>>> print(open('protein36.cif').read())   # mmCIF, C-alpha atoms
data_query
loop_
_atom_site.label_atom_id
_atom_site.label_comp_id
_atom_site.auth_asym_id
_atom_site.auth_seq_id
_atom_site.Cartn_x
_atom_site.Cartn_y
_atom_site.Cartn_z
CA MET B 1 1.28 78.90 57.72
CA ASN B 2 -1.89 80.96 58.13
CA ASN B 3 -1.26 81.98 61.74
CA SER B 4 0.73 85.22 61.30
CA ALA B 5 -1.95 87.27 63.10
CA ARG B 6 -1.59 85.29 66.33
CA PRO B 7 0.37 86.94 69.16
CA ARG B 8 3.94 85.82 69.54
CA SER B 9 5.69 85.19 72.82
CA PRO B 10 7.40 87.09 74.37
CA HIS B 11 5.21 90.05 73.42
CA VAL B 12 8.06 92.54 73.36
CA GLN B 13 6.03 95.78 73.66
CA VAL B 14 4.63 94.81 77.07
CA TYR B 15 7.49 92.58 78.24
CA ARG B 16 9.34 93.66 81.37
CA PRO B 17 13.02 92.79 80.89
CA GLN B 18 14.81 90.69 83.51
CA LEU B 19 18.51 89.83 83.80
CA THR B 20 17.79 86.42 82.30
CA SER B 21 16.04 87.69 79.17
CA VAL B 22 18.52 90.55 78.68
CA LEU B 23 21.48 88.13 78.81
CA SER B 24 19.69 85.70 76.49
CA PHE B 25 19.09 88.44 73.92
CA GLY B 26 22.61 89.75 74.53
CA HIS B 27 24.02 86.33 73.65
CA ARG B 28 22.42 86.52 70.20
CA LEU B 29 23.30 90.17 69.72
CA SER B 30 26.95 89.61 70.70
CA GLY B 31 27.04 86.58 68.40
CA LEU B 32 25.82 88.69 65.48
CA PHE B 33 28.35 91.42 66.24
CA LEU B 34 31.18 88.87 66.62
CA SER B 35 30.29 87.52 63.16
CA LEU B 36 31.34 90.91 61.76
CA GLY B 37 34.57 90.56 63.75
CA ALA B 38 35.14 87.13 62.17
CA VAL B 39 34.86 88.73 58.72
CA LEU B 40 37.41 91.34 59.84
CA LEU B 41 39.77 88.59 61.08
CA VAL B 42 39.75 86.92 57.63
CA GLY B 43 40.22 90.32 55.95
CA TRP B 44 43.14 91.04 58.28
CA LEU B 45 44.77 87.64 57.53
CA LEU B 46 44.31 88.12 53.75
CA ALA B 47 45.70 91.67 53.98
CA ALA B 48 48.74 90.36 55.90
CA VAL B 49 49.64 87.83 53.19
CA SER B 50 48.80 90.03 50.18
CA ALA B 51 51.69 92.04 48.75
CA THR B 52 49.69 95.28 48.91
CA PRO B 53 49.51 98.21 51.34
CA ALA B 54 46.11 96.87 52.47
CA PHE B 55 47.52 95.61 55.78
CA ASP B 56 48.98 99.01 56.72
CA TYR B 57 45.71 100.77 55.80
CA LEU B 58 43.68 98.25 57.84
CA ASN B 59 45.99 98.53 60.87
CA ALA B 60 45.95 102.32 60.65
CA TRP B 61 42.13 102.29 60.56
CA LEU B 62 42.01 99.90 63.53
CA GLY B 63 44.30 102.31 65.41
CA SER B 64 41.97 105.26 64.81
CA PHE B 65 39.37 106.30 67.37
CA LEU B 66 36.56 104.50 65.52
CA GLY B 67 38.72 101.40 65.05
CA LEU B 68 39.74 101.26 68.72
CA ALA B 69 36.14 101.85 69.83
CA LEU B 70 34.96 98.96 67.63
CA LEU B 71 37.79 96.73 68.92
CA PHE B 72 36.76 97.57 72.49
CA VAL B 73 33.12 96.61 71.86
CA TRP B 74 34.32 93.47 70.03
CA THR B 75 36.42 92.51 73.07
CA LEU B 76 33.43 93.01 75.37
CA ALA B 77 31.16 91.03 73.02
CA LEU B 78 33.78 88.25 72.84
CA PHE B 79 34.18 87.91 76.61
CA PHE B 80 30.43 88.15 77.18
CA HIS B 81 29.67 85.49 74.54
CA LEU B 82 32.49 83.33 75.95
CA CYS B 83 31.38 83.59 79.60
CA ASN B 84 27.65 83.29 78.84
CA GLY B 85 28.43 80.41 76.45
CA ILE B 86 30.17 78.55 79.29
CA ARG B 87 27.05 79.27 81.42
CA HIS B 88 24.98 77.65 78.66
CA LEU B 89 27.30 74.61 78.62
CA PHE B 90 26.66 74.15 82.36
CA TRP B 91 22.92 74.28 81.67
CA ASP B 92 23.38 71.68 78.91
CA ALA B 93 24.91 69.44 81.59
CA VAL B 94 21.76 70.16 83.71
CA VAL B 95 23.78 72.14 86.26
CA GLY B 96 22.63 75.45 87.77
CA PHE B 97 18.96 75.54 86.76
CA GLU B 98 17.63 76.77 90.14
CA LEU B 99 16.33 80.33 89.79
CA LYS B 100 18.76 81.71 92.40
CA THR B 101 21.69 80.00 90.65
CA VAL B 102 20.55 81.28 87.24
CA TYR B 103 20.63 84.87 88.55
CA LEU B 104 23.93 84.33 90.39
CA SER B 105 25.64 82.90 87.28
CA GLY B 106 24.10 85.72 85.22
CA TRP B 107 25.67 88.40 87.41
CA ILE B 108 28.97 86.47 87.45
CA VAL B 109 28.90 86.59 83.62
CA VAL B 110 28.22 90.35 83.64
CA PHE B 111 31.06 91.20 86.02
CA THR B 112 33.54 88.62 84.67
CA SER B 113 33.12 89.73 81.05
CA ALA B 114 33.41 93.41 82.02
CA GLY B 115 36.47 92.67 84.19
CA LEU B 116 38.23 90.59 81.53
CA THR B 117 37.58 93.30 78.93
CA LEU B 118 39.13 96.01 81.13
CA LEU B 119 42.02 93.70 82.07
CA THR B 120 42.70 92.89 78.40
CA TRP B 121 42.74 96.55 77.40
CA GLY B 122 44.86 97.42 80.39
CA VAL B 123 47.45 94.83 79.31
CA ALA B 124 47.19 95.75 75.60
CA LEU B 125 47.70 99.49 76.17
CA TRP B 126 50.35 99.08 78.86
CA MET T 1 21.29 59.11 78.50
CA VAL T 2 23.02 56.26 76.67
CA ASN T 3 24.64 57.03 73.34
CA ARG T 4 23.73 54.36 70.79
CA VAL T 5 24.64 53.79 67.18
CA ASN T 6 21.70 53.01 64.89
CA ASN T 7 21.78 50.87 61.76
CA GLN T 8 22.69 53.91 59.65
CA GLY T 9 25.99 54.14 61.53
CA SER T 10 25.08 57.45 63.20
CA HIS T 11 24.42 58.13 66.88
CA ASP T 12 20.90 57.88 68.20
CA ASN T 13 20.27 59.89 71.37
CA ARG T 14 16.57 59.13 71.75
CA VAL T 15 15.32 57.40 74.88
CA ALA T 16 14.07 53.84 74.45
CA LEU T 17 10.37 54.78 74.57
CA SER T 18 10.55 57.40 71.80
CA ARG T 19 12.56 55.00 69.64
CA ALA T 20 9.99 52.25 70.16
CA ARG T 21 7.18 54.64 69.22
CA GLY T 22 9.09 55.77 66.14
CA LEU T 23 9.10 59.40 67.31
CA GLY T 24 11.76 61.97 66.55
CA SER T 25 14.38 62.19 63.88
CA ALA T 26 15.57 59.05 62.13
CA ARG T 27 19.13 60.30 61.75
CA THR T 28 20.52 63.75 62.52
CA GLY T 29 17.91 65.37 64.78
CA VAL T 30 20.41 66.57 67.36
CA GLY T 31 23.23 67.19 64.87
CA HIS T 32 22.83 70.98 64.90
CA TRP T 33 22.61 71.15 68.68
CA ARG T 34 25.55 68.78 69.14
CA TRP T 35 27.94 70.57 66.75
CA GLN T 36 27.04 73.96 68.22
CA ARG T 37 28.30 72.65 71.57
CA VAL T 38 31.33 70.77 70.23
CA THR T 39 32.55 73.87 68.37
CA ALA T 40 31.77 76.04 71.44
CA VAL T 41 33.99 73.92 73.67
CA ALA T 42 36.77 73.92 71.05
CA LEU T 43 36.51 77.70 70.73
CA VAL T 44 37.05 78.39 74.46
CA PRO T 45 40.85 77.78 74.44
CA LEU T 46 41.27 78.83 70.78
CA VAL T 47 39.63 82.22 71.32
CA VAL T 48 41.63 82.97 74.48
CA TRP T 49 44.86 81.95 72.71
CA SER T 50 44.12 84.00 69.58
CA LEU T 51 43.16 87.13 71.53
CA ALA T 52 46.34 87.03 73.62
CA SER T 53 48.48 86.29 70.54
CA LEU T 54 46.92 88.98 68.35
CA ILE T 55 47.46 91.61 71.05
CA ALA T 56 51.12 90.53 71.26
CA VAL T 57 51.89 90.51 67.50
CA ALA T 58 49.35 92.79 65.77
CA GLY T 59 51.34 95.98 66.33
CA GLY T 60 54.59 94.52 64.99
CA GLY T 61 54.01 95.25 61.31
CA ARG T 62 53.22 93.01 58.34
CA ASP T 63 56.50 91.04 58.19
CA ALA T 64 56.36 90.12 61.88
CA VAL T 65 52.70 89.08 61.57
CA VAL T 66 53.37 86.85 58.51
CA GLU T 67 56.39 85.29 60.19
CA TRP T 68 54.33 84.55 63.29
CA LEU T 69 51.43 83.11 61.22
CA SER T 70 53.80 80.79 59.35
CA SER T 71 55.18 79.16 62.51
CA PRO T 72 53.52 75.79 63.33
CA GLY T 73 52.70 76.96 66.85
CA ALA T 74 50.52 79.72 65.42
CA ALA T 75 49.40 78.21 62.08
CA ILE T 76 47.84 75.04 63.52
CA PRO T 77 45.70 76.67 66.25
CA MET T 78 44.78 79.54 63.88
CA ILE T 79 43.50 77.08 61.23
CA LEU T 80 41.63 75.13 63.93
CA LEU T 81 40.16 78.45 65.15
CA LEU T 82 39.00 79.38 61.63
CA ILE T 83 37.29 75.99 61.15
CA ALA T 84 35.58 75.98 64.58
CA LEU T 85 34.69 79.69 64.36
CA PHE T 86 32.96 79.64 60.98
CA TRP T 87 31.24 76.34 61.73
CA HIS T 88 29.93 77.79 65.02
CA MET T 89 28.98 81.04 63.25
CA ALA T 90 27.08 79.23 60.47
CA LEU T 91 25.08 77.22 63.04
CA GLY T 92 24.33 80.29 65.21
CA LEU T 93 23.37 82.65 62.39
CA THR T 94 21.18 79.94 60.83
CA VAL T 95 19.14 79.69 64.05
CA VAL T 96 18.76 83.48 64.24
CA ALA T 97 17.56 83.60 60.61
CA GLU T 98 15.16 80.69 61.18
CA ASP T 99 13.69 82.42 64.26
CA TYR T 100 13.23 85.95 62.97
CA LEU T 101 12.60 85.62 59.22
CA HIS T 102 9.04 84.55 58.61
CA HIS T 103 8.82 84.68 54.80
CA ILE T 104 9.81 81.18 53.73
CA GLY T 105 11.60 82.29 50.54
CA VAL T 106 13.60 84.97 52.36
CA LYS T 107 14.42 82.46 55.10
CA ILE T 108 15.73 79.79 52.70
CA ALA T 109 17.76 82.32 50.71
CA THR T 110 19.25 83.89 53.87
CA VAL T 111 20.21 80.52 55.35
CA ALA T 112 21.86 79.56 52.05
CA VAL T 113 23.83 82.83 52.00
CA ILE T 114 24.84 82.36 55.68
CA GLN T 115 26.02 78.80 55.21
CA PHE T 116 27.84 79.32 51.91
CA GLY T 117 29.23 82.63 53.17
CA CYS T 118 30.67 81.00 56.30
CA LEU T 119 32.18 78.22 54.19
CA ALA T 120 33.72 80.80 51.85
CA LEU T 121 35.11 82.87 54.76
CA GLY T 122 36.59 79.79 56.40
CA VAL T 123 38.21 78.70 53.13
CA ALA T 124 39.54 82.24 52.57
CA GLY T 125 41.02 82.31 56.07
CA VAL T 126 42.71 78.92 55.67
CA ALA T 127 43.98 79.98 52.22
CA ALA T 128 45.54 83.06 53.83
CA MET T 129 47.28 80.78 56.34
CA VAL T 130 48.63 78.57 53.52
CA LEU T 131 49.92 81.67 51.71
CA ALA T 132 51.59 82.86 54.93
CA MET T 133 53.36 79.52 55.29
CA ALA T 134 54.41 79.59 51.61
CA ALA T 135 55.75 83.15 51.98
CA ALA T 136 57.97 82.27 54.94
#
>>> encode(input="protein36.cif", output="structure tokens")
Amino acid sequence: MNNSARPRSPHVQVYRPQLTSVLSFGHRLSGLFLSLGAVLLVGWLLAAVSATPAFDYLNAWLGSFLGLALLFVWTLALFFHLCNGIRHLFWDAVVGFELKTVYLSGWIVVFTSAGLTLLTWGVALW
Amino acid sequence: MVNRVNNQGSHDNRVALSRARGLGSARTGVGHWRWQRVTAVALVPLVVWSLASLIAVAGGGRDAVVEWLSSPGAAIPMILLLIALFWHMALGLTVVAEDYLHHIGVKIATVAVIQFGCLALGVAGVAAMVLAMAAA
């Protein structure tokens, strides 16, 4: 492995972002962020079954401004990863590879994940 | 593409030409790719179910949450969710580490931590579910 000086692609400093590359990177970023949420889910389950006040502390923290803000971003990341993941499954079935379709499905993912996030929070807070 | 079983008992997805030339993996070349998709499909209904359920029960206090977790209708999909989730997470994080970490020692150590960490988290989650069922 003596090729570390060679340029890598995409060369991020001079790379003009498009919807396709932004969503691709967003899929990884949302996956990383959702991993933290998965750790929280296990912590929440353990707190619920432990005979300690941990569950009440955790729920109180999740109800604070910071907790609610994190939960909101987690919801958005979840719906985005879900919708874009389904888009990837269509690609795996070799469906929707035309450039126009790729952009159309990309925008559908953006608006669907935003809409489902707002709908979920509307229902949850109602 | 036809799905075949090779003499090792595992599936062989290569086309006939690459198999004849002896190219590609002998056994589990597409295993990572395949399980990433299988867990993804399983997670679609499980994630939607868990999100709706958690919104409904999370505010009800500890006793209500434990009672809900101990019912079969919640325990079974929640355990399936934990298995599919941490499997999917281990596969995804491994790819990210393999792509962005270039020092081979750091890469191997990080992948080991990711994979054992996901296993540990999944086991901890399932253990919590068993404790919930025992408490009810």
>>> closest_atom_pairs(input="protein36.cif", of="segment 5-115 of chain B", to="segment 86-104 of chain T", cutoff="9 Å", atoms="all atoms listed in the file", output="CSV")
residue,atom,partner,partner_atom,distance
B:Arg28,CA,T:Val96,CA,7.6
B:Gly31,CA,T:Gly92,CA,7.6
B:Leu32,CA,T:Leu93,CA,7.2
B:Leu34,CA,T:Met89,CA,8.8
B:Ser35,CA,T:Met89,CA,6.6
B:Ala38,CA,T:Phe86,CA,7.9
>>> write_last_selection(input="protein36.cif", atoms="C-alpha atoms", output="compact mmCIF listing (two decimals), keeping the file's coordinate frame")
# COMPACT_ATOMS: atom_id res chain seq x y z
CA ARG B 28 22.42 86.52 70.20
CA GLY B 31 27.04 86.58 68.40
CA LEU B 32 25.82 88.69 65.48
CA LEU B 34 31.18 88.87 66.62
CA SER B 35 30.29 87.52 63.16
CA ALA B 38 35.14 87.13 62.17
>>> closest_residue(input="protein36.cif", among="T:Ala120, T:Ile79, T:Ala112, T:Ala84", to="Val41 of chain T", atoms="all atoms listed in the file")
T:Ala84
>>> axis_aligned_box(input="protein36.cif", around="segment 122-135 of chain T", padding_each_side="4 Å", output="JSON")
{"center_x": 46.2, "center_y": 80.9, "center_z": 54.0, "size_x": 27.2, "size_y": 12.6, "size_z": 12.8}
>>> interface_residues(input="protein36.cif", of="chain B", to="chain T", cutoff="9 Å", atoms="only C-alpha atoms", output="ChimeraX atom specification")
/B:4,28,31-32,34-35,38-39,41-43,45-50,55-56,59,75,78,82,85-86,89,92,120,123-124
>>> resolve_selection(input="protein36.cif", expression="the PyMOL selection byres ((chain B and resi 112) around 12)", output="PDB file with C-alpha atoms, keeping the file's coordinate frame")
ATOM      1  CA  LEU B  76      33.430  93.010  75.370  1.00  0.00           C
ATOM      2  CA  LEU B  78      33.780  88.250  72.840  1.00  0.00           C
ATOM      3  CA  PHE B  79      34.180  87.910  76.610  1.00  0.00           C
ATOM      4  CA  PHE B  80      30.430  88.150  77.180  1.00  0.00           C
ATOM      5  CA  HIS B  81      29.670  85.490  74.540  1.00  0.00           C
ATOM      6  CA  LEU B  82      32.490  83.330  75.950  1.00  0.00           C
ATOM      7  CA  CYS B  83      31.380  83.590  79.600  1.00  0.00           C
ATOM      8  CA  ASN B  84      27.650  83.290  78.840  1.00  0.00           C
ATOM      9  CA  ILE B  86      30.170  78.550  79.290  1.00  0.00           C
ATOM     10  CA  ARG B  87      27.050  79.270  81.420  1.00  0.00           C
ATOM     11  CA  LEU B 104      23.930  84.330  90.390  1.00  0.00           C
ATOM     12  CA  SER B 105      25.640  82.900  87.280  1.00  0.00           C
ATOM     13  CA  GLY B 106      24.100  85.720  85.220  1.00  0.00           C
ATOM     14  CA  TRP B 107      25.670  88.400  87.410  1.00  0.00           C
ATOM     15  CA  ILE B 108      28.970  86.470  87.450  1.00  0.00           C
ATOM     16  CA  VAL B 109      28.900  86.590  83.620  1.00  0.00           C
ATOM     17  CA  VAL B 110      28.220  90.350  83.640  1.00  0.00           C
ATOM     18  CA  PHE B 111      31.060  91.200  86.020  1.00  0.00           C
ATOM     19  CA  SER B 113      33.120  89.730  81.050  1.00  0.00           C
ATOM     20  CA  ALA B 114      33.410  93.410  82.020  1.00  0.00           C
ATOM     21  CA  GLY B 115      36.470  92.670  84.190  1.00  0.00           C
ATOM     22  CA  LEU B 116      38.230  90.590  81.530  1.00  0.00           C
ATOM     23  CA  THR B 117      37.580  93.300  78.930  1.00  0.00           C
ATOM     24  CA  LEU B 118      39.130  96.010  81.130  1.00  0.00           C
ATOM     25  CA  LEU B 119      42.020  93.700  82.070  1.00  0.00           C
ATOM     26  CA  THR B 120      42.700  92.890  78.400  1.00  0.00           C
TER      27      THR B 120
END
>>> closest_residue(input="protein36.cif", among="B:Leu19, B:Leu40, B:Val73, B:Leu125", to="Lys100 of chain B", atoms="all atoms listed in the file")
B:Leu19
>>> build_atoms(input="protein36.cif", residues="segment 104-117 of chain B", atoms="N, CA and C atoms", output="PDB file, keeping the file's coordinate frame")
ATOM      1  N   LEU B 104      22.550  84.213  89.915  1.00  0.00           N
ATOM      2  CA  LEU B 104      23.930  84.330  90.390  1.00  0.00           C
ATOM      3  C   LEU B 104      24.909  84.172  89.229  1.00  0.00           C
ATOM      4  N   SER B 105      24.724  83.115  88.410  1.00  0.00           N
ATOM      5  CA  SER B 105      25.640  82.900  87.280  1.00  0.00           C
ATOM      6  C   SER B 105      25.511  84.034  86.266  1.00  0.00           C
ATOM      7  N   GLY B 106      24.297  84.587  86.128  1.00  0.00           N
ATOM      8  CA  GLY B 106      24.100  85.720  85.220  1.00  0.00           C
ATOM      9  C   GLY B 106      24.929  86.923  85.633  1.00  0.00           C
ATOM     10  N   TRP B 107      24.881  87.256  86.929  1.00  0.00           N
ATOM     11  CA  TRP B 107      25.670  88.400  87.410  1.00  0.00           C
ATOM     12  C   TRP B 107      27.164  88.110  87.337  1.00  0.00           C
ATOM     13  N   ILE B 108      27.550  86.839  87.587  1.00  0.00           N
ATOM     14  CA  ILE B 108      28.970  86.470  87.450  1.00  0.00           C
ATOM     15  C   ILE B 108      29.421  86.724  86.011  1.00  0.00           C
ATOM     16  N   VAL B 109      28.576  86.364  85.038  1.00  0.00           N
ATOM     17  CA  VAL B 109      28.900  86.590  83.620  1.00  0.00           C
ATOM     18  C   VAL B 109      29.080  88.082  83.346  1.00  0.00           C
ATOM     19  N   VAL B 110      28.154  88.904  83.878  1.00  0.00           N
ATOM     20  CA  VAL B 110      28.220  90.350  83.640  1.00  0.00           C
ATOM     21  C   VAL B 110      29.541  90.922  84.160  1.00  0.00           C
ATOM     22  N   PHE B 111      29.874  90.597  85.424  1.00  0.00           N
ATOM     23  CA  PHE B 111      31.060  91.200  86.020  1.00  0.00           C
ATOM     24  C   PHE B 111      32.348  90.586  85.488  1.00  0.00           C
ATOM     25  N   THR B 112      32.341  89.266  85.204  1.00  0.00           N
ATOM     26  CA  THR B 112      33.540  88.620  84.670  1.00  0.00           C
ATOM     27  C   THR B 112      33.870  89.144  83.269  1.00  0.00           C
ATOM     28  N   SER B 113      32.839  89.268  82.410  1.00  0.00           N
ATOM     29  CA  SER B 113      33.120  89.730  81.050  1.00  0.00           C
ATOM     30  C   SER B 113      33.574  91.187  81.057  1.00  0.00           C
ATOM     31  N   ALA B 114      32.965  92.016  81.919  1.00  0.00           N
ATOM     32  CA  ALA B 114      33.410  93.410  82.020  1.00  0.00           C
ATOM     33  C   ALA B 114      34.841  93.477  82.561  1.00  0.00           C
ATOM     34  N   GLY B 115      35.135  92.677  83.589  1.00  0.00           N
ATOM     35  CA  GLY B 115      36.470  92.670  84.190  1.00  0.00           C
ATOM     36  C   GLY B 115      37.531  92.197  83.225  1.00  0.00           C
ATOM     37  N   LEU B 116      37.248  91.113  82.484  1.00  0.00           N
ATOM     38  CA  LEU B 116      38.230  90.590  81.530  1.00  0.00           C
ATOM     39  C   LEU B 116      38.474  91.579  80.386  1.00  0.00           C
ATOM     40  N   THR B 117      37.420  92.298  79.984  1.00  0.00           N
ATOM     41  CA  THR B 117      37.580  93.300  78.930  1.00  0.00           C
ATOM     42  C   THR B 117      38.522  94.415  79.392  1.00  0.00           C
TER      43      THR B 117
END
